[in-house]
Amino acid sequence: MVNMMFWVLTHDQRLLMWANRRPSHRGLNVWLSRWLGTITHTGGASFTLVTALLIALLGSGSWSNAGWQCLVATAISHIPVAIVKRKFSRLRPYQALPSVNACKKPLCDSSFPSGHTTAIFAWLMPWLLVDAALLPLLLPVAILLGVSVGWSRMYLGLHYPSDVAVGAILGSSSSLFISAAWSSFF
């Protein structure tokens with residue numbers, strides 16, 4: 001177990017440093033910083049909960065159902081996040097590693113797991129399940145959005161890759177559970 005933890009921590013820091021680096025090309029650096037600095041907010045509570053509620057109220061049929069599922073899944077997925085964050089008080093990368101690039105207003109609570117990544121994956125899954133015919137169109141967009149939010153959390157020095165991976169698993173599994181149970185209740 002100790003060897004496995006050492007392996008995870010070593011590789012976690014190595015992957016973090018790769019995801020957190022800044023490109024040497026000025027134009028690419030500016031573009032990437034703007035993209036990741038902006039897209040990270042789609043994993044926040046304001047975006048995920050407000051858009052889910054709006055689509056639930058204004059959408060029709062399966063889109064309205066997906067909006068309600070997003071809302072419930074995002075809210076429920078944060079119960080285990082809150083519990084785990086209290087149980088494992090892990091310093092954020094910018095606090096623990098001196099060479100990590102950090103955003104302007106970094107968070108100070110526990111790093112593990114990533115709440116933004118949890119929220120975006122809980123929010124994304126019901127949209128993928130709305131209509132199988134739309135899956136080839138929606139899946140690449142969902143992957144781009146989910147990966148971008150996860151990467152942004154590392155790029156901004158706020159989370160380790162393991163924080164992001166566990167957040168993606170928590171969000172996706174919460175959402176799949178809600179979507180599967182939805183037809184039993186509604």
# chains A, B, ... in the order shown; residues from 1 in each chain; ligands from 1

$ residues_around --residues "Arg21 in chain A" --least-positions-apart "6" --cutoff "10 Å" --atoms "only C-alpha atoms" --output "PyMOL selection string"
chain A and resi 29+99-101+154-157

$ residues_around --residues "Leu16 in chain A" --least-positions-apart "2" --cutoff "7 Å" --atoms "only C-alpha atoms" --output "tab-separated table (two decimals) with C-alpha atoms, in the first residue's frame"
chain	number	residue	atom	x	y	z
A	12	ASP	CA	0.61	12.90	-9.54
A	13	GLN	CA	3.20	15.64	-9.07
A	14	ARG	CA	4.88	14.87	-12.40
A	18	TRP	CA	3.19	19.00	-17.03
A	19	ALA	CA	-0.42	20.29	-16.92
A	20	ASN	CA	0.61	23.42	-15.00
A	154	MET	CA	-4.36	21.77	-12.67
A	160	TYR	CA	-3.58	17.46	-8.58
A	161	PRO	CA	-4.49	15.01	-11.36

$ closest_residue --among "A:Ala75, A:Ile120, A:Leu158, A:Cys70" --to "Ala96 in chain A" --atoms "only C-alpha atoms"
A:Leu158

$ residues_around --residues "Thr42 in chain A" --least-positions-apart "3" --cutoff "12 Å" --atoms "only C-alpha atoms" --output "VMD selection string"
chain A and resid 35 to 39 45 to 52 115 to 124 142 145 to 150 152 to 153

$ closest_residue --among "A:His11, A:Trp182, A:Lys87, A:His159" --to "Pro106 in chain A" --atoms "only C-alpha atoms"
A:His159
